[in-house]
Every structure is written in C-alpha cells, then in structure tokens.
>>> print(open('data_31.cif').read())   # mmCIF, C-alpha atoms
data_entry
#
loop_
_atom_site.label_atom_id
_atom_site.label_comp_id
_atom_site.auth_asym_id
_atom_site.auth_seq_id
_atom_site.Cartn_x
_atom_site.Cartn_y
_atom_site.Cartn_z
CA MET N 28 -169.02 159.33 33.35
CA LYS N 29 -165.27 159.80 33.75
CA THR N 30 -165.02 156.63 35.88
CA ASP N 31 -166.77 154.60 33.15
CA ASN N 32 -164.33 155.94 30.57
CA ARG N 33 -161.33 155.06 32.77
CA ARG N 34 -162.75 151.61 33.42
CA SER N 35 -163.22 150.89 29.70
CA THR N 36 -159.73 152.24 28.96
CA GLY N 37 -158.30 150.05 31.71
CA ALA N 38 -160.16 147.00 30.41
CA ALA N 39 -158.81 147.59 26.91
CA TYR N 40 -155.23 147.71 28.18
CA GLU N 41 -155.78 144.66 30.38
CA GLN N 42 -156.94 142.79 27.27
CA ALA N 43 -153.84 144.01 25.41
CA ALA N 44 -151.66 142.81 28.30
CA GLY N 45 -153.46 139.46 28.25
CA TYR N 46 -152.78 139.12 24.53
CA TYR N 47 -149.12 139.97 25.16
CA LEU N 48 -148.92 137.27 27.86
CA GLU N 49 -150.59 134.71 25.58
CA GLN N 50 -147.90 135.41 22.98
CA LEU N 51 -145.37 134.46 25.67
CA GLY N 52 -147.18 131.16 26.28
CA TYR N 53 -149.26 132.11 29.32
CA GLU N 54 -152.76 130.72 29.68
CA ILE N 55 -155.18 133.43 30.81
CA LEU N 56 -157.53 132.03 33.46
CA GLU N 57 -159.41 135.19 34.44
CA TYR N 58 -159.61 138.91 33.89
CA ASN N 59 -160.64 141.22 36.72
CA TYR N 60 -160.99 138.71 39.52
CA ARG N 61 -162.86 140.53 42.28
CA CYS N 62 -163.31 139.66 45.91
CA ARG N 63 -163.93 141.58 49.10
CA ARG N 64 -160.17 142.12 49.38
CA GLY N 65 -159.86 143.86 46.03
CA GLU N 66 -159.20 143.00 42.41
CA ILE N 67 -156.55 141.26 40.37
CA ASP N 68 -156.34 142.36 36.75
CA ILE N 69 -155.17 139.05 35.26
CA VAL N 70 -154.84 135.54 36.68
CA ALA N 71 -152.81 133.28 34.41
CA LYS N 72 -150.75 130.10 34.24
CA ASP N 73 -147.11 130.25 33.21
CA GLY N 74 -145.81 126.69 33.25
CA GLU N 75 -146.17 125.47 36.82
CA TYR N 76 -146.78 128.99 38.18
CA LEU N 77 -150.08 130.64 38.91
CA VAL N 78 -149.45 134.28 38.05
CA PHE N 79 -151.32 137.22 39.54
CA CYS N 80 -150.69 140.16 37.23
CA GLU N 81 -151.32 143.84 37.82
CA VAL N 82 -151.62 146.03 34.71
CA LYS N 83 -150.99 149.78 34.83
CA TYR N 84 -151.34 152.17 31.92
CA ARG N 85 -150.15 155.73 31.46
CA SER N 86 -150.54 157.71 28.24
CA ASP N 87 -147.44 159.73 29.16
CA ASP N 88 -145.05 160.19 32.08
CA GLN N 89 -146.75 163.22 33.67
CA LYS N 90 -148.18 161.06 36.48
CA GLY N 91 -145.01 158.98 36.75
CA SER N 92 -144.20 155.50 35.58
CA PRO N 93 -147.04 153.01 35.59
CA LEU N 94 -144.74 150.58 37.41
CA GLU N 95 -144.26 153.07 40.26
CA ALA N 96 -148.04 153.03 40.79
CA VAL N 97 -147.79 149.48 42.17
CA ASP N 98 -146.57 150.65 45.56
CA ALA N 99 -146.38 148.70 48.83
CA ARG N 100 -150.04 149.38 49.65
CA LYS N 101 -151.18 148.11 46.23
CA GLN N 102 -148.90 145.07 46.50
CA LYS N 103 -150.41 144.19 49.88
CA ALA N 104 -153.95 144.45 48.45
CA ILE N 105 -153.02 142.22 45.48
CA PHE N 106 -151.41 139.67 47.82
CA ARG N 107 -154.50 139.52 50.06
CA CYS N 108 -156.75 139.13 47.03
CA ALA N 109 -154.48 136.33 45.73
CA LEU N 110 -154.83 134.50 49.06
CA PHE N 111 -158.60 134.80 48.76
CA TYR N 112 -158.42 133.43 45.18
CA LEU N 113 -156.32 130.44 46.27
CA THR N 114 -158.73 129.67 49.10
CA GLU N 115 -161.85 130.10 46.96
CA LYS N 116 -160.46 127.85 44.21
CA HIS N 117 -159.15 125.27 46.71
CA LEU N 118 -155.59 125.61 45.44
CA GLY N 119 -153.18 124.58 48.16
CA GLU N 120 -149.53 124.23 47.35
CA VAL N 121 -149.43 125.72 43.87
CA PRO N 122 -146.39 127.94 43.20
CA CYS N 123 -147.43 131.55 42.69
CA ARG N 124 -145.85 134.66 41.30
CA PHE N 125 -146.75 138.34 41.11
CA ASP N 126 -146.03 140.07 37.80
CA VAL N 127 -146.56 143.70 36.85
CA ILE N 128 -147.13 145.00 33.35
CA GLY N 129 -146.64 148.70 32.74
CA ILE N 130 -147.94 150.19 29.51
CA GLU N 131 -146.72 153.65 28.52
CA GLY N 132 -148.22 154.76 25.25
CA THR N 133 -147.52 151.69 23.12
CA ARG N 134 -144.50 150.38 25.08
CA ILE N 135 -145.03 147.34 27.32
CA THR N 136 -142.73 146.61 30.25
CA HIS N 137 -143.24 143.24 31.93
CA ILE N 138 -141.65 142.52 35.29
CA LYS N 139 -141.83 138.88 36.31
CA ASN N 140 -141.85 138.19 40.04
CA ALA N 141 -142.11 141.94 40.68
CA PHE N 142 -142.83 141.48 44.38
CA SER N 143 -143.46 138.77 46.94
CA GLY N 144 -146.04 138.36 49.67
#
>>> encode(input="data_31.cif", output="structure tokens")
Amino acid sequence: MKTDNRRSTGAAYEQAAGYYLEQLGYEILEYNYRCRRGEIDIVAKDGEYLVFCEVKYRSDDQKGSPLEAVDARKQKAIFRCALFYLTEKHLGEVPCRFDVIGIEGTRITHIKNAFSG
C-alpha cells in the first residue's frame, strides 16, 4: 500500500514538473517512459533538444536534497534508458540533454544539462 501511495505522489509531482516545463515552452512527449533499462520521468522537446528529465520530490530536507538523489548510479540508468528510447523511436542524430527537477515542498529547482552520458 505504501508503494502505491509513493507512486501516486510521484506521479502528481511529475505532472506538476511537466506543467512547469510547458510554461517554459517545452513540449511534453511522454511521462514515465519505461523500458528494460529503467524509467525516465519526462521526455520533452526544448527547441532542437530532446530532453530526458528526472523529477525528484522531498517534502522536507530530512532525507537530503532531491537533487542529490540523482547520483552517478541513477544518472547511468537514465542514460541507458535514453539510449533505448532513441533506438526504439529511430532517432539518430538528435541533440539530447539531461535535466533534473528537484521539488522541495512547493519550491522547484530546475537544472538544465545536469549531467552528460
């Protein structure tokens, strides 16, 4: 039951992050893209860039910053999933970027090009 609650909470904050990105002019292509390599919270277009966006939420700072949760292991998983996405969608030489959105309470922090592959 707790997992379901966390999943619905996560989905709500992913939707909020998607709305935030739309206000910046991004076009949301997919939420929760899943493959055997993992999951990407949001896939979007920002101008010429295909953006793979990880969203992390924390209600407070007791478990640390949500941005700190996107560590090297998580970055590697997102990168591998992005490669799978590009292959599955037959997207060759499209410029890509990895963004991270951290939500703490009601504050949104958006880091463009947060890491590279």
>>> closest_atom_pairs(input="data_31.cif", of="region 103-125 of chain N", to="region 55-77 of chain N", cutoff="6 Å", atoms="all atoms listed in the file", output="JSON lines")
{"residue": "N:Cys108", "atom": "CA", "partner": "N:Arg64", "partner_atom": "CA", "distance": 5.1}
{"residue": "N:Pro122", "atom": "CA", "partner": "N:Tyr76", "partner_atom": "CA", "distance": 5.1}
{"residue": "N:Cys123", "atom": "CA", "partner": "N:Leu77", "partner_atom": "CA", "distance": 4.7}
>>> atom_distance(input="data_31.cif", atom1="CA of Leu113 (chain N)", atom2="CA of Phe142 (chain N)")
17.5 Å
>>> closest_residue(input="data_31.cif", among="N:Glu131, N:Gly144, N:Ala38, N:Val121", to="Lys101 (chain N)", atoms="only C-alpha atoms")
N:Gly144
>>> atom_distance(input="data_31.cif", atom1="CA of Asp98 (chain N)", atom2="CA of Ile130 (chain N)")
16.1 Å
>>> resolve_selection(input="data_31.cif", expression="the PyMOL selection byres ((chain N and resi 86) around 7)", output="CSV table (one decimal) with C-alpha atoms, in the coordinates of the input")
chain,number,residue,atom,x,y,z
N,84,TYR,CA,-151.3,152.2,31.9
N,85,ARG,CA,-150.2,155.7,31.5
N,87,ASP,CA,-147.4,159.7,29.2
N,131,GLU,CA,-146.7,153.6,28.5
N,132,GLY,CA,-148.2,154.8,25.2
